[in-house]
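Enquirer: Please find final32.pdb (PDB, C-alpha atoms) on the next line:
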ATOM      1  CA  MET A   1      29.451  12.725 -39.904
ATOM      2  CA  THR A   2      26.805  15.228 -38.989
ATOM      3  CA  LEU A   3      26.276  15.941 -35.288
ATOM      4  CA  ALA A   4      23.084  13.825 -35.318
ATOM      5  CA  GLU A   5      24.929  10.914 -36.937
ATOM      6  CA  LEU A   6      27.767  11.195 -34.426
ATOM      7  CA  GLN A   7      25.342  11.203 -31.509
ATOM      8  CA  HIS A   8      23.542   8.169 -32.911
ATOM      9  CA  GLN A   9      26.805   6.312 -33.437
ATOM     10  CA  PHE A  10      28.006   7.142 -29.937
ATOM     11  CA  ALA A  11      24.723   5.881 -28.457
ATOM     12  CA  ASN A  12      25.211   2.626 -30.371
ATOM     13  CA  ALA A  13      28.784   2.376 -29.136
ATOM     14  CA  LEU A  14      27.674   2.646 -25.513
ATOM     15  CA  CYS A  15      25.769  -0.600 -26.064
ATOM     16  CA  TYR A  16      28.737  -2.239 -27.865
ATOM     17  CA  HIS A  17      27.173  -1.830 -31.332
ATOM     18  CA  ALA A  18      30.069   0.342 -32.555
ATOM     19  CA  ASP A  19      33.676   0.946 -31.528
ATOM     20  CA  GLY A  20      35.623   4.035 -30.512
ATOM     21  CA  GLU A  21      37.149   4.751 -33.895
ATOM     22  CA  GLN A  22      33.715   4.668 -35.545
ATOM     23  CA  CYS A  23      32.756   7.488 -33.178
ATOM     24  CA  GLY A  24      35.693   9.661 -34.191
ATOM     25  CA  ILE A  25      37.482   9.253 -30.839
ATOM     26  CA  ASN A  26      41.217   9.932 -31.038
ATOM     27  CA  SER A  27      43.873   7.545 -29.725
ATOM     28  CA  ASP A  28      47.079   8.581 -27.930
ATOM     29  CA  HIS A  29      48.216   7.097 -24.621
ATOM     30  CA  PHE A  30      44.834   5.340 -24.525
ATOM     31  CA  SER A  31      43.181   3.744 -27.506
ATOM     32  CA  ALA A  32      39.858   5.011 -28.800
ATOM     33  CA  GLU A  33      38.226   1.839 -27.468
ATOM     34  CA  GLN A  34      39.727   2.326 -24.005
ATOM     35  CA  ARG A  35      38.476   5.907 -23.902
ATOM     36  CA  LEU A  36      35.025   4.769 -24.997
ATOM     37  CA  GLN A  37      34.981   2.073 -22.326
ATOM     38  CA  ILE A  38      35.107   4.772 -19.639
ATOM     39  CA  TYR A  39      31.831   6.161 -20.955
ATOM     40  CA  ARG A  40      30.346   2.689 -21.279
ATOM     41  CA  ASN A  41      31.138   1.861 -17.678
ATOM     42  CA  HIS A  42      29.626   5.112 -16.449
ATOM     43  CA  PHE A  43      26.552   4.577 -18.643
ATOM     44  CA  VAL A  44      25.911   1.050 -17.348
ATOM     45  CA  VAL A  45      26.658   1.881 -13.705
ATOM     46  CA  SER A  46      24.489   5.022 -13.690
ATOM     47  CA  LEU A  47      21.426   3.314 -15.181
ATOM     48  CA  GLY A  48      22.075   0.299 -12.968
ATOM     49  CA  GLU A  49      21.767   2.616  -9.967
ATOM     50  CA  VAL A  50      18.443   3.858 -11.316
ATOM     51  CA  LEU A  51      17.197   0.266 -11.538
ATOM     52  CA  SER A  52      18.504  -0.457  -8.044
ATOM     53  CA  ALA A  53      16.510   2.485  -6.677
ATOM     54  CA  THR A  54      13.370   1.343  -8.488
ATOM     55  CA  TYR A  55      13.645  -2.347  -7.567
ATOM     56  CA  PRO A  56      15.151  -2.440  -4.039
ATOM     57  CA  LEU A  57      13.248  -5.554  -2.915
ATOM     58  CA  LEU A  58      14.217  -7.489  -6.016
ATOM     59  CA  GLU A  59      17.855  -6.589  -5.445
ATOM     60  CA  GLN A  60      17.590  -7.624  -1.809
ATOM     61  CA  VAL A  61      16.005 -10.975  -2.681
ATOM     62  CA  LEU A  62      18.361 -11.846  -5.558
ATOM     63  CA  GLY A  63      21.529 -10.352  -4.079
ATOM     64  CA  GLU A  64      23.610  -7.453  -5.375
ATOM     65  CA  ALA A  65      25.790  -9.502  -7.744
ATOM     66  CA  CYS A  66      22.861 -11.271  -9.405
ATOM     67  CA  PHE A  67      20.836  -8.077  -9.673
ATOM     68  CA  ALA A  68      23.808  -6.210 -11.148
ATOM     69  CA  GLN A  69      24.111  -8.824 -13.887
ATOM     70  CA  ILE A  70      20.404  -8.542 -14.727
ATOM     71  CA  ALA A  71      20.575  -4.740 -14.611
ATOM     72  CA  ARG A  72      23.575  -4.667 -16.963
ATOM     73  CA  HIS A  73      21.765  -6.914 -19.435
ATOM     74  CA  HIS A  74      18.689  -4.688 -19.281
ATOM     75  CA  VAL A  75      20.664  -1.462 -19.745
ATOM     76  CA  LEU A  76      22.500  -2.791 -22.804
ATOM     77  CA  HIS A  77      19.325  -4.122 -24.418
ATOM     78  CA  HIS A  78      17.003  -1.314 -23.316
ATOM     79  CA  PRO A  79      19.179   1.817 -23.293
ATOM     80  CA  LEU A  80      17.887   5.178 -22.165
ATOM     81  CA  ASN A  81      16.551   7.153 -25.133
ATOM     82  CA  GLU A  82      16.015  10.492 -23.388
ATOM     83  CA  GLY A  83      17.665  12.698 -20.811
ATOM     84  CA  ASP A  84      15.052  12.040 -18.111
ATOM     85  CA  VAL A  85      15.479   8.822 -16.103
ATOM     86  CA  THR A  86      12.152   9.228 -14.247
ATOM     87  CA  HIS A  87      10.402   6.546 -16.248
ATOM     88  CA  TYR A  88      13.394   4.319 -16.884
ATOM     89  CA  GLY A  89      13.083   0.733 -15.745
ATOM     90  CA  ALA A  90       9.935  -0.431 -17.528
ATOM     91  CA  GLY A  91      10.209  -3.999 -18.748
ATOM     92  CA  LEU A  92      12.735  -5.233 -16.196
ATOM     93  CA  ALA A  93      10.296  -8.024 -15.334
ATOM     94  CA  GLU A  94      10.640  -9.342 -18.888
ATOM     95  CA  THR A  95      14.425  -9.132 -18.596
ATOM     96  CA  VAL A  96      14.350 -11.118 -15.342
ATOM     97  CA  GLY A  97      12.293 -13.754 -17.139
ATOM     98  CA  GLN A  98      15.189 -14.376 -19.521
ATOM     99  CA  PHE A  99      17.424 -15.613 -16.685
ATOM    100  CA  THR A 100      16.330 -19.229 -16.305
ATOM    101  CA  GLU A 101      18.697 -20.002 -13.440
ATOM    102  CA  VAL A 102      17.295 -17.068 -11.478
ATOM    103  CA  LEU A 103      13.753 -18.335 -12.020
ATOM    104  CA  LYS A 104      14.724 -21.785 -10.815
ATOM    105  CA  ALA A 105      15.951 -20.307  -7.532
ATOM    106  CA  ALA A 106      13.266 -17.609  -7.226
ATOM    107  CA  PRO A 107      10.278 -18.384  -9.481
ATOM    108  CA  TYR A 108       8.446 -15.351  -8.088
ATOM    109  CA  ALA A 109      11.150 -12.907  -9.258
ATOM    110  CA  VAL A 110       9.231 -11.756 -12.348
ATOM    111  CA  ALA A 111       6.112 -11.091 -10.265
ATOM    112  CA  LEU A 112       8.143  -9.153  -7.697
ATOM    113  CA  ALA A 113       9.713  -7.015 -10.433
ATOM    114  CA  GLU A 114       6.293  -6.214 -11.885
ATOM    115  CA  PHE A 115       5.036  -5.406  -8.369
ATOM    116  CA  GLU A 116       7.842  -2.915  -7.747
ATOM    117  CA  TRP A 117       7.344  -1.304 -11.154
ATOM    118  CA  GLN A 118       3.676  -0.716 -10.307
ATOM    119  CA  ILE A 119       4.766   0.855  -7.025
ATOM    120  CA  ASP A 120       6.985   3.234  -9.004
ATOM    121  CA  ARG A 121       4.091   4.014 -11.372
ATOM    122  CA  ALA A 122       1.815   4.787  -8.427
ATOM    123  CA  ARG A 123       4.360   7.163  -6.902
ATOM    124  CA  GLN A 124       4.725   9.027 -10.175
ATOM    125  CA  ALA A 125       0.968   9.170 -10.779
ATOM    126  CA  GLN A 126      -0.013  10.543  -7.361
ATOM    127  CA  ALA A 127       0.856  14.087  -8.451
ATOM    128  CA  GLU A 128      -1.581  14.023 -11.387
ATOM    129  CA  GLN A 129      -4.755  16.103 -11.298
ATOM    130  CA  ARG A 130      -8.175  14.508 -11.021
ATOM    131  CA  PRO A 131     -10.471  14.817 -14.109
ATOM    132  CA  ALA A 132     -12.207  18.163 -14.515
ATOM    133  CA  THR A 133     -15.640  16.479 -14.444
ATOM    134  CA  CYS A 134     -14.850  14.724 -11.149
ATOM    135  CA  GLN A 135     -16.711  16.220  -8.187
ATOM    136  CA  PRO A 136     -15.371  15.892  -4.624
ATOM    137  CA  MET A 137     -16.823  13.152  -2.452
ATOM    138  CA  GLU A 138     -18.252  15.800  -0.079
ATOM    139  CA  LYS A 139     -20.885  16.611  -2.717
ATOM    140  CA  LEU A 140     -22.124  13.028  -2.918
ATOM    141  CA  ALA A 141     -24.884  13.831  -0.428
ATOM    142  CA  GLU A 142     -26.326  16.339  -2.933
ATOM    143  CA  VAL A 143     -26.974  13.652  -5.566
ATOM    144  CA  PRO A 144     -30.665  12.606  -5.718
ATOM    145  CA  ALA A 145     -31.327   8.944  -4.892
ATOM    146  CA  GLU A 146     -32.780   8.298  -8.356
ATOM    147  CA  GLN A 147     -29.379   9.132  -9.888
ATOM    148  CA  TYR A 148     -27.346   6.710  -7.769
ATOM    149  CA  THR A 149     -27.216   4.090 -10.538
ATOM    150  CA  ALA A 150     -25.558   6.686 -12.792
ATOM    151  CA  LEU A 151     -22.763   7.426 -10.306
ATOM    152  CA  CYS A 152     -19.193   6.700 -11.330
ATOM    153  CA  LEU A 153     -16.550   6.724  -8.616
ATOM    154  CA  HIS A 154     -13.002   7.826  -9.470
ATOM    155  CA  LEU A 155      -9.851   6.357  -8.005
ATOM    156  CA  ARG A 156      -7.400   8.928  -6.747
ATOM    157  CA  PRO A 157      -4.264   9.370  -8.876
ATOM    158  CA  GLY A 158      -1.609   7.132  -7.394
ATOM    159  CA  VAL A 159      -4.017   4.273  -6.649
ATOM    160  CA  LEU A 160      -3.472   1.139  -8.744
ATOM    161  CA  CYS A 161      -4.919  -2.364  -8.674
ATOM    162  CA  LEU A 162      -2.667  -5.392  -9.081
ATOM    163  CA  ALA A 163      -3.279  -9.104  -9.578
ATOM    164  CA  SER A 164      -0.320 -11.447  -9.192
ATOM    165  CA  ASP A 165       0.303 -15.177  -9.433
ATOM    166  CA  TYR A 166       2.318 -14.914  -6.215
ATOM    167  CA  ALA A 167       1.716 -13.440  -2.745
ATOM    168  CA  VAL A 168       3.711 -10.286  -3.494
ATOM    169  CA  PHE A 169       1.861  -8.125  -0.976
ATOM    170  CA  ASP A 170       2.683 -10.611   1.791
ATOM    171  CA  LEU A 171       6.280 -10.785   0.570
ATOM    172  CA  TRP A 172       6.647  -6.997   0.741
ATOM    173  CA  HIS A 173       5.359  -6.897   4.305
ATOM    174  CA  ALA A 174       7.464  -9.931   5.320
ATOM    175  CA  ILE A 175      10.663  -8.294   4.044
ATOM    176  CA  HIS A 176       9.965  -4.986   5.776
ATOM    177  CA  GLN A 177       8.994  -6.674   9.029
ATOM    178  CA  GLN A 178      11.680  -9.373   8.707
ATOM    179  CA  HIS A 179       9.092 -11.999   9.548
ATOM    180  CA  PHE A 180       8.810 -14.916   7.116
ATOM    181  CA  ASP A 181       7.325 -17.694   9.270
ATOM    182  CA  ASP A 182       3.832 -17.695   7.740
ATOM    183  CA  LEU A 183       4.781 -16.592   4.226
ATOM    184  CA  ASP A 184       3.364 -18.742   1.405
ATOM    185  CA  LEU A 185       4.478 -17.209  -1.881
ATOM    186  CA  SER A 186       2.718 -19.803  -4.028
ATOM    187  CA  GLN A 187      -0.712 -18.281  -3.367
ATOM    188  CA  PRO A 188      -2.045 -15.831  -5.997
ATOM    189  CA  GLN A 189      -2.868 -12.438  -4.535
ATOM    190  CA  VAL A 190      -4.732  -9.294  -5.532
ATOM    191  CA  GLY A 191      -4.621  -5.902  -3.922
ATOM    192  CA  VAL A 192      -4.189  -2.138  -4.066
ATOM    193  CA  ILE A 193      -1.064  -0.003  -4.317
ATOM    194  CA  ALA A 194      -1.715   3.537  -3.072
ATOM    195  CA  ALA A 195       0.943   6.267  -3.107
ATOM    196  CA  HIS A 196       0.167   9.412  -1.110
ATOM    197  CA  ALA A 197       1.398  12.957  -1.622
ATOM    198  CA  ASP A 198       3.101  12.935   1.786
ATOM    199  CA  GLY A 199       5.291  10.019   0.706
ATOM    200  CA  ARG A 200       3.301   7.277   2.412
ATOM    201  CA  LEU A 201       2.895   4.023   0.545
ATOM    202  CA  GLN A 202      -0.093   1.786   1.238
ATOM    203  CA  LEU A 203       0.043  -1.801   0.018
ATOM    204  CA  GLN A 204      -3.046  -3.812   0.876
ATOM    205  CA  SER A 205      -4.169  -7.220  -0.291
ATOM    206  CA  LEU A 206      -7.878  -7.632  -1.030
ATOM    207  CA  SER A 207     -10.426 -10.403  -1.208
ATOM    208  CA  ASP A 208     -11.497 -11.419  -4.715
ATOM    209  CA  THR A 209     -14.847  -9.691  -4.184
ATOM    210  CA  ALA A 210     -13.265  -6.418  -3.097
ATOM    211  CA  TYR A 211     -10.816  -6.591  -6.001
ATOM    212  CA  GLN A 212     -13.655  -7.052  -8.500
ATOM    213  CA  LEU A 213     -15.337  -3.958  -7.088
ATOM    214  CA  MET A 214     -12.066  -2.041  -7.439
ATOM    215  CA  PHE A 215     -11.840  -3.279 -11.030
ATOM    216  CA  HIS A 216     -15.223  -1.755 -11.850
ATOM    217  CA  VAL A 217     -14.338   1.514 -10.135
ATOM    218  CA  LYS A 218     -10.986   1.611 -11.945
ATOM    219  CA  HIS A 219     -12.768   1.343 -15.295
ATOM    220  CA  GLN A 220     -15.349   3.899 -14.146
ATOM    221  CA  HIS A 221     -18.386   1.678 -14.565
ATOM    222  CA  ALA A 222     -21.567   3.289 -13.316
ATOM    223  CA  LEU A 223     -22.944   1.782 -10.101
ATOM    224  CA  GLY A 224     -25.921   0.476 -12.064
ATOM    225  CA  ALA A 225     -23.557  -1.628 -14.201
ATOM    226  CA  ILE A 226     -21.801  -3.229 -11.220
ATOM    227  CA  PRO A 227     -23.165  -6.590  -9.990
ATOM    228  CA  PRO A 228     -25.301  -5.906  -6.893
ATOM    229  CA  ALA A 229     -23.414  -8.535  -4.877
ATOM    230  CA  LEU A 230     -20.291  -6.357  -5.067
ATOM    231  CA  LEU A 231     -21.920  -3.101  -3.971
ATOM    232  CA  SER A 232     -21.950  -4.121  -0.311
ATOM    233  CA  GLY A 233     -18.217  -3.371  -0.315
ATOM    234  CA  LEU A 234     -18.692   0.316  -1.205
ATOM    235  CA  ASN A 235     -18.690   1.470   2.409
ATOM    236  CA  ASP A 236     -15.319  -0.150   3.044
ATOM    237  CA  LEU A 237     -13.974   1.338  -0.182
ATOM    238  CA  MET A 238     -15.052   4.851   0.786
ATOM    239  CA  GLN A 239     -13.365   4.590   4.173
ATOM    240  CA  HIS A 240      -9.988   4.299   2.489
ATOM    241  CA  ASP A 241      -8.272   7.297   0.943
ATOM    242  CA  TRP A 242      -8.533   5.717  -2.494
ATOM    243  CA  LEU A 243     -11.232   7.868  -4.088
ATOM    244  CA  CYS A 244     -10.900  11.420  -5.361
ATOM    245  CA  GLY A 245     -14.533  11.990  -6.279
ATOM    246  CA  PHE A 246     -17.381  11.012  -8.562
ATOM    247  CA  SER A 247     -19.154  11.943 -11.766
ATOM    248  CA  LEU A 248     -22.415  10.960 -13.417
ATOM    249  CA  GLN A 249     -22.860   8.547 -16.283
ATOM    250  CA  HIS A 250     -23.815  11.177 -18.831
ATOM    251  CA  ASN A 251     -20.286  12.567 -18.464
ATOM    252  CA  SER A 252     -17.700  11.068 -20.822
ATOM    253  CA  GLU A 253     -15.718   9.843 -17.825
ATOM    254  CA  CYS A 254     -18.159   6.985 -17.177
ATOM    255  CA  THR A 255     -18.932   3.829 -19.098
ATOM    256  CA  GLN A 256     -21.008   0.715 -18.770
ATOM    257  CA  GLY A 257     -18.394  -1.329 -20.594
ATOM    258  CA  ASP A 258     -17.251  -4.908 -20.242
ATOM    259  CA  THR A 259     -17.464  -6.073 -16.633
ATOM    260  CA  HIS A 260     -15.215  -9.110 -17.090
ATOM    261  CA  VAL A 261     -12.504  -9.438 -14.464
TER
END
Will you turn the file into structure tokens for me?
Expert:
Amino acid sequence: MTLAELQHQFANALCYHADGEQCGINSDHFSAEQRLQIYRNHFVVSLGEVLSATYPLLEQVLGEACFAQIARHHVLHHPLNEGDVTHYGAGLAETVGQFTEVLKAAPYAVALAEFEWQIDRARQAQAEQRPATCQPMEKLAEVPAEQYTALCLHLRPGVLCLASDYAVFDLWHAIHQQHFDDLDLSQPQVGVIAAHADGRLQLQSLSDTAYQLMFHVKHQHALGAIPPALLSGLNDLMQHDWLCGFSLQHNSECTQGDTHV
């Protein structure tokens, strides 16, 4: 085998798609398969720890043993294909959905997994640079009134919108405050996930009206394309540290696209 073929075969063997002898592993006191199993165990445990760090609430809700079983299944069916584990863990929500007994006990588990993945995405995105055409909010006062309808607001990197079939924002706060008396998970919920450069994490549920406004801002619709009934929420939006600046409609950053939510 060439080195590339050997590496490919070994990667398959880690997921039980090949055995030790097919990877050219020698046997002596330990068989080739026993030697390979050491690597398999390390592979599964290491990536399981990555998933545990990314989905701490899910692990806490389901329990360590249950989460470990789901994590093992995910690792073996979605192995790491690069040396960087930063982005590993995408799709765990779909894996959770394959465990019917888990969903019977915790029907919100898929939504919670998706919620925590979006939190991870926000934390990774907060270090990104704002678009070059985006002007700081301090310069908003310099824009003539007749150009207001052409304004496009930009969400700061690390700010994401989320809609869920379950009250995941309330669940997050209930777990961290250890107060579950008024928690009603069956209620759909929308909100904002905001990761800050100083490590702070802001998770805030929104009204449907505020979420629709955030939707338009997220897709960089010009103010003139946003339903007037939603614009009354702009002041509240600007008070939060969710915006990084603005641009004008003639810039490529802005659109007057589909306003469906």
Enquirer: Write out as a ChimeraX atom specification which residues come within 8 Å of segment 58-61 of chain A when counting only C-alpha atoms, dropping same-chain ones fewer than 3 positions away.
Expert: /A:52,55,64,66-67,109,112-113
Enquirer: Which one of A:Leu237, A:Leu160, A:Cys152, A:Val102 sits closest to His196 of chain A if you count only C-alpha atoms?
Expert: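 Among A:Leu237, A:Leu160, A:Cys152, A:Val102, it is A:Leu160 that comes nearest to His196 of chain A.
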Enquirer: Have a look at atom CA of Gly224 of chain A and atom CA of Ala150 of chain A and let me know their distance in Å, one decimal.
Expert: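 Taking atom CA of Gly224 of chain A and atom CA of Ala150 of chain A, their separation equals 6.3 Å.
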Enquirer: Determine the residue membership of the PyMOL selection byres ((chain A and resi 169-176) around 8) for the file above and supply it as JSON, numbers by chain.
Expert: {"A": [57, 167, 168, 177, 178, 179, 180, 183, 185, 189, 191, 203, 204, 205]}
Enquirer: Name the residues within 10 Å of (21.6, 1.0, -16.3), counting all atoms listed in the file in the file's coordinates, and put them as a short mmCIF file (atom, residue, chain, number, x, y, z; two decimals) with C-alpha atoms, keeping the file's coordinate frame.
Expert:
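As written to disk, selection39.cif reads:
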data_model
loop_
_atom_site.label_atom_id
_atom_site.label_comp_id
_atom_site.auth_asym_id
_atom_site.auth_seq_id
_atom_site.Cartn_x
_atom_site.Cartn_y
_atom_site.Cartn_z
CA ASN A 41 31.14 1.86 -17.68
CA HIS A 42 29.63 5.11 -16.45
CA PHE A 43 26.55 4.58 -18.64
CA VAL A 44 25.91 1.05 -17.35
CA VAL A 45 26.66 1.88 -13.70
CA SER A 46 24.49 5.02 -13.69
CA LEU A 47 21.43 3.31 -15.18
CA GLY A 48 22.08 0.30 -12.97
CA GLU A 49 21.77 2.62 -9.97
CA VAL A 50 18.44 3.86 -11.32
CA LEU A 51 17.20 0.27 -11.54
CA SER A 52 18.50 -0.46 -8.04
CA ALA A 68 23.81 -6.21 -11.15
CA ILE A 70 20.40 -8.54 -14.73
CA ALA A 71 20.58 -4.74 -14.61
CA ARG A 72 23.58 -4.67 -16.96
CA HIS A 73 21.76 -6.91 -19.43
CA HIS A 74 18.69 -4.69 -19.28
CA VAL A 75 20.66 -1.46 -19.74
CA LEU A 76 22.50 -2.79 -22.80
CA HIS A 77 19.32 -4.12 -24.42
CA HIS A 78 17.00 -1.31 -23.32
CA PRO A 79 19.18 1.82 -23.29
CA LEU A 80 17.89 5.18 -22.16
CA VAL A 85 15.48 8.82 -16.10
CA TYR A 88 13.39 4.32 -16.88
CA GLY A 89 13.08 0.73 -15.74
#
Enquirer: On this structure, the PyMOL selection byres ((chain A and resi 215) around 10) would catch which residues? List them as a PyMOL selection string, sorted by chain and number.
Expert: chain A and resi 160-162+209-214+216-221+226+259-261
Enquirer: Could those residues be written to a file, using C-alpha atoms, as a PDB file, keeping the file's coordinate frame?
Expert:
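Final file, again-v4.pdb:
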ATOM      1  CA  LEU A 160      -3.472   1.139  -8.744  1.00  0.00           C
ATOM      2  CA  CYS A 161      -4.919  -2.364  -8.674  1.00  0.00           C
ATOM      3  CA  LEU A 162      -2.667  -5.392  -9.081  1.00  0.00           C
ATOM      4  CA  THR A 209     -14.847  -9.691  -4.184  1.00  0.00           C
ATOM      5  CA  ALA A 210     -13.265  -6.418  -3.097  1.00  0.00           C
ATOM      6  CA  TYR A 211     -10.816  -6.591  -6.001  1.00  0.00           C
ATOM      7  CA  GLN A 212     -13.655  -7.052  -8.500  1.00  0.00           C
ATOM      8  CA  LEU A 213     -15.337  -3.958  -7.088  1.00  0.00           C
ATOM      9  CA  MET A 214     -12.066  -2.041  -7.439  1.00  0.00           C
ATOM     10  CA  HIS A 216     -15.223  -1.755 -11.850  1.00  0.00           C
ATOM     11  CA  VAL A 217     -14.338   1.514 -10.135  1.00  0.00           C
ATOM     12  CA  LYS A 218     -10.986   1.611 -11.945  1.00  0.00           C
ATOM     13  CA  HIS A 219     -12.768   1.343 -15.295  1.00  0.00           C
ATOM     14  CA  GLN A 220     -15.349   3.899 -14.146  1.00  0.00           C
ATOM     15  CA  HIS A 221     -18.386   1.678 -14.565  1.00  0.00           C
ATOM     16  CA  ILE A 226     -21.801  -3.229 -11.220  1.00  0.00           C
ATOM     17  CA  THR A 259     -17.464  -6.073 -16.633  1.00  0.00           C
ATOM     18  CA  HIS A 260     -15.215  -9.110 -17.090  1.00  0.00           C
ATOM     19  CA  VAL A 261     -12.504  -9.438 -14.464  1.00  0.00           C
TER      20      VAL A 261
END
Enquirer: Go through A:Phe115, A:Tyr148, A:Tyr166, A:Phe246 and flag the residue nearest Cys134 of chain A, using only C-alpha atoms for the distances.
Expert: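 Result for the nearest residue to Cys134 of chain A: A:Phe246.
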Enquirer: Return the single residue from A:Glu138, A:Glu146, A:Asp241, A:Asp165 that is closest to Val192 of chain A, with distances computed using all atoms listed in the file.
Expert: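 Counting all atoms listed in the file, the residue closest to Val192 of chain A is A:Asp241.
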Enquirer: So, with only C-alpha atoms as the atoms that count, which of A:Gln124, A:Glu116, A:Ala111, A:Asp236 lies closest to Pro188 of chain A?
Expert: A:Ala111
